[in-house]
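**Q** There's a structure below that I have some questions on.
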Amino acid sequence: MTGMSPIVKTVTRWVSPFILAFGIYIALTGHLTPGGGFPGGVIVAGCFILITLAYGKERVEGIFDLKSASVTDSLASLSFLCMGLLGYVFGGGFLNNFIQSGFPGKAFELLSGGNMPIINIAIGFKVGGSLFVVFAYLALFRAIEEE
């Protein structure tokens, strides 16, 4: 039998959608509230790590395997770099808020942050993918003991 006891599996099945939704919420609203891409990515990675510990690696491989985590990590790094370089293209500095000048929006609304929500999403994917890859490699190389 892979994974942990039925109690842990049941609680994980109930709680993990809420943890995932909270991590996405923190990453999306990071320009309005305390939070952002890094804590949102940590929460999302923690959700996948919880599922891995509760059910075993076979359950997570169907959702978010090591290869897709590495690809997500790389694409998020590339998108963050592109968003930074677009600041130069539009006449500002690196990571300049170039969308803000063309689309001001209202204060304290989701679209008021210019390109910051996009940057937070990229950082969230980067951190979430990276932490899951680190956990998966530690588990793969038996640095974390499995039963």
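Labels used: A, B, ... for chains in the order of the structure tokens, numbers from 1 for residues in each chain, and numbers from 1 for ligands as shown.
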Could you give me, as a list in words, the residues within 7 Å of region 26-30 of chain A, counting only C-alpha atoms and dropping anything in the same chain fewer than 6 positions from it?
**A**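 Selected residues are Gly36, Gly37, Gly40, Leu110, Pro117, Asn120, Ile121 and Gly124 of chain A.
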**Q** Write the residues you've just listed into a file as a PDB file, in the first residue's frame, and include N, CA and C atoms for each of them.
**A**
```
ATOM      1  N   GLY A  36       1.972  37.612  -2.864  1.00  0.00           N
ATOM      2  CA  GLY A  36       2.556  37.741  -4.182  1.00  0.00           C
ATOM      3  C   GLY A  36       2.914  36.394  -4.740  1.00  0.00           C
ATOM      4  N   GLY A  37       3.786  36.416  -5.730  1.00  0.00           N
ATOM      5  CA  GLY A  37       4.146  35.193  -6.419  1.00  0.00           C
ATOM      6  C   GLY A  37       4.904  34.200  -5.565  1.00  0.00           C
ATOM      7  N   GLY A  40       2.591  32.600  -2.851  1.00  0.00           N
ATOM      8  CA  GLY A  40       1.592  31.814  -3.572  1.00  0.00           C
ATOM      9  C   GLY A  40       2.186  30.549  -4.155  1.00  0.00           C
ATOM     10  N   LEU A 110      -8.213  44.500  -9.152  1.00  0.00           N
ATOM     11  CA  LEU A 110      -7.308  43.464  -9.641  1.00  0.00           C
ATOM     12  C   LEU A 110      -6.482  43.937 -10.829  1.00  0.00           C
ATOM     13  N   PRO A 117       0.566  41.842 -11.701  1.00  0.00           N
ATOM     14  CA  PRO A 117      -0.086  40.537 -11.573  1.00  0.00           C
ATOM     15  C   PRO A 117       0.529  39.480 -12.486  1.00  0.00           C
ATOM     16  N   ASN A 120       3.723  38.449 -10.847  1.00  0.00           N
ATOM     17  CA  ASN A 120       3.430  37.598  -9.690  1.00  0.00           C
ATOM     18  C   ASN A 120       3.055  36.184 -10.107  1.00  0.00           C
ATOM     19  N   ILE A 121       2.288  36.054 -11.182  1.00  0.00           N
ATOM     20  CA  ILE A 121       1.918  34.728 -11.674  1.00  0.00           C
ATOM     21  C   ILE A 121       3.157  33.982 -12.143  1.00  0.00           C
ATOM     22  N   GLY A 124       5.065  32.908  -9.164  1.00  0.00           N
ATOM     23  CA  GLY A 124       4.354  31.809  -8.508  1.00  0.00           C
ATOM     24  C   GLY A 124       4.609  30.479  -9.189  1.00  0.00           C
TER      25      GLY A 124
END
```
**Q** Would you kindly return, as a list in words, each protein, DNA or RNA residue with an atom no farther than 8 Å from any atom of Phe132 (chain A), considering only C-alpha atoms and excluding same-chain residues fewer than 3 positions away?
**A**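 Surrounding residues, per the criterion: Ala45, Gly46, Phe48, Ile49, Leu66, Ala69, Gly128, Gly129, Phe135 and Ala136 of chain A.
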**Q** Can you tell me how far CA of Ser74 (chain A) sits from CA of Leu86 (chain A), in Å to one decimal?
**A**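 The value is 18.4 Å.
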**Q** Tell me which of A:Ser130, A:Asn115, A:Thr10, A:Thr33 sits closest to Cys82 (chain A), counting only C-alpha atoms.
**A**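 Of A:Ser130, A:Asn115, A:Thr10, A:Thr33, the one nearest Cys82 (chain A) is A:Asn115, counting only C-alpha atoms.
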**Q** Using only C-alpha atoms, which of the listed residues (A:Leu138, A:Phe125, A:Pro6, A:Tyr88) sits closest to Ser68 (chain A)?
**A**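 When distances to Ser68 (chain A) are compared using only C-alpha atoms, the smallest one comes from A:Phe125.
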**Q** Enumerate as a PyMOL selection string all residues of region 23-95 of chain A assigned to alpha helix (DSSP H) by DSSP on the backbone, naming them with the chain letters and numbers the document uses.
**A** chain A and resi 23-28+37-55+57-61+66-89
**Q** Looking at A:Ala122, A:Ile24, A:Val15, A:Lys9, which one is nearest to Leu75 (chain A), with distances taken over only C-alpha atoms?
**A** A:Ala122
**Q** One decimal, Å: what's the distance from CA of Asp73 (chain A) over to CA of Val134 (chain A), could you say?
**A**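 According to the coordinates, CA of Asp73 (chain A) and CA of Val134 (chain A) are separated by 11.2 Å.
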**Q** Neighbouring residues of Phe94 (chain A) were defined as those with any atom within 6 Å, considering only C-alpha atoms; residues of the same chain fewer than 2 positions away were excluded. Please report them as a list of chain:residue names.
**A**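 That gives A:Gly84, A:Leu85, A:Gly87, A:Tyr88, A:Asn96.
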**Q** Could you save the residues just selected, with C-alpha atoms, as a PDB file, in the first residue's frame?
**A**
```
ATOM      1  CA  GLY A  84      11.450  42.450 -17.464  1.00  0.00           C
ATOM      2  CA  LEU A  85      12.833  43.105 -20.920  1.00  0.00           C
ATOM      3  CA  GLY A  87      10.150  47.390 -19.734  1.00  0.00           C
ATOM      4  CA  TYR A  88      13.215  48.296 -21.803  1.00  0.00           C
ATOM      5  CA  ASN A  96       9.207  48.845 -15.535  1.00  0.00           C
TER       6      ASN A  96
END
```
**Q** Could you tell me how far CA of Val127 (chain A) lies from CA of Arg13 (chain A), in Å and to one decimal?
**A** 23.2 Å
